[in-house]
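What follows is a single structure, written as structure tokens, with notes after it.
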Amino acid sequence: MNKVYAVARVVALLLAIAAAFVAIPNLNVAAALVILGIIVGIGAPTDDSMRVMLAVLVLPAIGVALGNVPQIGEQLGAIATNLGLHIAGVAATLVVRRIIALLKGDWAPAS
């Protein structure tokens with residue numbers, strides 16, 4: 001399964017970059033990036049969850065800042081925004097995994 005998560009991560013990165021430069025017909029790029037993020041989040045280590053949550057907050061600001069770069073800023077900002085969408089999918093999955101773990105702990109028989 002680790003290969004599936006790695007492939008989803010690479011596809012998301014390539015899609016985030018490609019979508020910043022060309023329009024991809026018949027593909028909802030935002031939905032695809034979030035879905036790929038959900039897949040990656042299933043196999044993501046939970047000890048990285050704080051870094052992932054921070055990336056979700058920081059990437060949009062980075063995208064806005066990069067948007068000011070002459071000539072290529074718009075594309076750099078779009079890449080950061082697209083990566084933010086992907087990471088948001090990862091973060092959502094990690095939150096759900098944490099909730100499930102808490103619920104399992106609540107309902108586990110006491111030792």
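We label chains A, B, ... in the order they appear in the structure tokens, count residues from 1 in each chain, and number ligands from 1 in the order shown.
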Leaving out Ala18 (chain A) and any residue of its chain fewer than 3 positions from it, which residues lie within 12 Å of it when counting only C-alpha atoms, given as a ChimeraX atom specification?
/A:11-15,21-24,29,33,75-76,78-79,82-83
Can you write just those residues out, N, CA and C atoms, as a compact mmCIF listing (two decimals), in the first residue's frame?
# COMPACT_ATOMS: atom_id res chain seq x y z
N VAL A 11 1.54 12.03 -8.18
CA VAL A 11 0.52 12.50 -9.12
C VAL A 11 -0.04 13.84 -8.68
N ALA A 12 -0.27 14.00 -7.38
CA ALA A 12 -0.77 15.28 -6.87
C ALA A 12 0.22 16.41 -7.12
N LEU A 13 1.49 16.15 -6.89
CA LEU A 13 2.51 17.17 -7.13
C LEU A 13 2.57 17.56 -8.60
N LEU A 14 2.57 16.56 -9.47
CA LEU A 14 2.61 16.84 -10.91
C LEU A 14 1.36 17.57 -11.37
N LEU A 15 0.20 17.16 -10.85
CA LEU A 15 -1.06 17.82 -11.21
C LEU A 15 -1.07 19.26 -10.71
N PHE A 21 -0.01 25.87 -15.09
CA PHE A 21 0.46 26.38 -16.38
C PHE A 21 -0.53 26.14 -17.52
N VAL A 22 -1.32 25.08 -17.45
CA VAL A 22 -2.26 24.78 -18.54
C VAL A 22 -3.62 24.40 -17.95
N ALA A 23 -4.66 24.72 -18.69
CA ALA A 23 -6.01 24.30 -18.29
C ALA A 23 -6.18 22.83 -18.68
N ILE A 24 -6.69 22.05 -17.76
CA ILE A 24 -6.90 20.63 -18.03
C ILE A 24 -8.40 20.43 -18.23
N VAL A 29 -9.73 20.06 -11.06
CA VAL A 29 -8.40 19.93 -10.47
C VAL A 29 -8.48 20.00 -8.95
N LEU A 33 -7.19 17.01 -6.52
CA LEU A 33 -6.11 17.21 -5.55
C LEU A 33 -6.56 16.83 -4.14
N GLN A 75 1.71 31.84 -11.70
CA GLN A 75 1.84 30.38 -11.76
C GLN A 75 2.40 29.82 -10.44
N LEU A 76 3.38 30.52 -9.86
CA LEU A 76 3.92 30.07 -8.57
C LEU A 76 2.86 30.10 -7.49
N ALA A 78 -0.35 29.81 -8.00
CA ALA A 78 -1.30 28.73 -8.29
C ALA A 78 -0.75 27.38 -7.83
N ILE A 79 0.55 27.17 -7.99
CA ILE A 79 1.15 25.92 -7.52
C ILE A 79 1.00 25.81 -6.00
N ASN A 82 -2.60 25.09 -5.18
CA ASN A 82 -2.94 23.70 -5.52
C ASN A 82 -2.35 22.73 -4.49
N LEU A 83 -1.12 22.97 -4.08
CA LEU A 83 -0.52 22.12 -3.05
C LEU A 83 -1.29 22.24 -1.73
Polymer residues at most 9 Å from region 96-99 of chain A, only C-alpha atoms, same-chain spacing of 4 or more positions, as a VMD selection string:
chain A and resid 41 to 42 46 91 to 92 103 to 104
Which neighbours of region 53-61 of chain A fall inside 7 Å, counting only C-alpha atoms, when residues of the same chain fewer than 6 positions from it are skipped, and could you give them as a CSV table (one decimal) with all heavy atoms, in the first residue's frame?
chain,number,residue,atom,x,y,z
A,80,ALA,N,1.3,26.9,-5.3
A,80,ALA,CA,1.2,26.9,-3.8
A,80,ALA,C,-0.3,26.6,-3.4
A,80,ALA,O,-0.6,25.9,-2.5
A,80,ALA,CB,1.7,28.2,-3.2
A,81,THR,N,-1.2,27.3,-4.1
A,81,THR,CA,-2.6,27.1,-3.8
A,81,THR,C,-3.0,25.6,-4.1
A,81,THR,O,-3.8,25.0,-3.3
A,81,THR,CB,-3.5,28.0,-4.6
A,81,THR,OG1,-3.1,29.4,-4.3
A,81,THR,CG2,-5.0,27.9,-4.3
A,84,GLY,N,-1.8,23.4,-1.4
A,84,GLY,CA,-2.6,23.6,-0.3
A,84,GLY,C,-3.9,22.8,-0.3
A,84,GLY,O,-4.3,22.3,0.7
A,87,ILE,N,-2.8,19.2,0.5
A,87,ILE,CA,-2.5,19.0,1.9
A,87,ILE,C,-3.7,19.1,2.7
A,87,ILE,O,-3.8,18.5,3.8
A,87,ILE,CB,-1.4,20.1,2.3
A,87,ILE,CG1,-0.1,19.9,1.5
A,87,ILE,CG2,-1.2,20.0,3.8
A,87,ILE,CD1,0.5,18.6,1.7
A,88,ALA,N,-4.7,19.9,2.3
A,88,ALA,CA,-6.0,20.0,3.0
A,88,ALA,C,-6.7,18.6,3.0
A,88,ALA,O,-7.3,18.2,4.0
A,88,ALA,CB,-6.9,21.0,2.4
A,91,ALA,N,-4.8,16.6,5.6
A,91,ALA,CA,-5.2,17.0,6.9
A,91,ALA,C,-6.6,16.5,7.3
A,91,ALA,O,-6.8,16.1,8.5
A,91,ALA,CB,-5.1,18.6,7.0
Got a sec to tell me which of chain A DSSP assigns to alpha helix (DSSP H), as an MDAnalysis selection string?
chainID A and resid 2:21 29:43 49:66 73:107
Could you check which of A:Ile72, A:Leu102, A:Met1, A:Val90 is closest to Ala20 (chain A), using only C-alpha atoms?
A:Ile72
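Minimum atom-to-atom distance to Val34 (chain A), evaluated using only C-alpha atoms, belongs to A:Ala8 out of A:Ile100, A:Val69, A:Ala8, A:Val64.
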Shell around Ala32 (chain A) at 10 Å using only C-alpha atoms, local window under 4 positions removed, as a PyMOL selection string
chain A and resi 11-12+15-16+27-28+36-38+85-86+89
Write out the residues from the selection above, keeping N, CA and C atoms, as an mmCIF file, in the first residue's frame.
data_model
loop_
_atom_site.group_PDB
_atom_site.id
_atom_site.type_symbol
_atom_site.label_atom_id
_atom_site.label_comp_id
_atom_site.auth_asym_id
_atom_site.auth_seq_id
_atom_site.Cartn_x
_atom_site.Cartn_y
_atom_site.Cartn_z
ATOM 1 N N VAL A 11 1.540 12.034 -8.175
ATOM 2 C CA VAL A 11 0.516 12.496 -9.125
ATOM 3 C C VAL A 11 -0.037 13.841 -8.675
ATOM 4 N N ALA A 12 -0.265 14.002 -7.381
ATOM 5 C CA ALA A 12 -0.774 15.279 -6.874
ATOM 6 C C ALA A 12 0.221 16.407 -7.120
ATOM 7 N N LEU A 15 0.196 17.164 -10.846
ATOM 8 C CA LEU A 15 -1.057 17.822 -11.214
ATOM 9 C C LEU A 15 -1.073 19.265 -10.715
ATOM 10 N N ALA A 16 -0.585 19.491 -9.505
ATOM 11 C CA ALA A 16 -0.546 20.848 -8.955
ATOM 12 C C ALA A 16 0.317 21.766 -9.813
ATOM 13 N N LEU A 27 -11.580 18.087 -16.122
ATOM 14 C CA LEU A 27 -11.036 17.636 -14.846
ATOM 15 C C LEU A 27 -11.202 18.749 -13.826
ATOM 16 N N ASN A 28 -11.862 18.423 -12.741
ATOM 17 C CA ASN A 28 -11.962 19.354 -11.628
ATOM 18 C C ASN A 28 -10.679 19.184 -10.813
ATOM 19 N N LEU A 36 -6.783 12.986 -3.989
ATOM 20 C CA LEU A 36 -5.427 12.440 -3.863
ATOM 21 C C LEU A 36 -4.868 12.677 -2.459
ATOM 22 N N GLY A 37 -5.197 13.822 -1.876
ATOM 23 C CA GLY A 37 -4.783 14.109 -0.505
ATOM 24 C C GLY A 37 -5.415 13.156 0.494
ATOM 25 N N ILE A 38 -6.661 12.825 0.284
ATOM 26 C CA ILE A 38 -7.334 11.866 1.164
ATOM 27 C C ILE A 38 -6.647 10.510 1.082
ATOM 28 N N LEU A 85 -4.480 22.701 -1.473
ATOM 29 C CA LEU A 85 -5.674 21.858 -1.621
ATOM 30 C C LEU A 85 -5.334 20.400 -1.348
ATOM 31 N N HIS A 86 -4.212 19.955 -1.893
ATOM 32 C CA HIS A 86 -3.794 18.572 -1.675
ATOM 33 C C HIS A 86 -3.542 18.309 -0.189
ATOM 34 N N GLY A 89 -6.588 17.875 1.936
ATOM 35 C CA GLY A 89 -7.132 16.515 1.900
ATOM 36 C C GLY A 89 -6.407 15.597 2.864
#
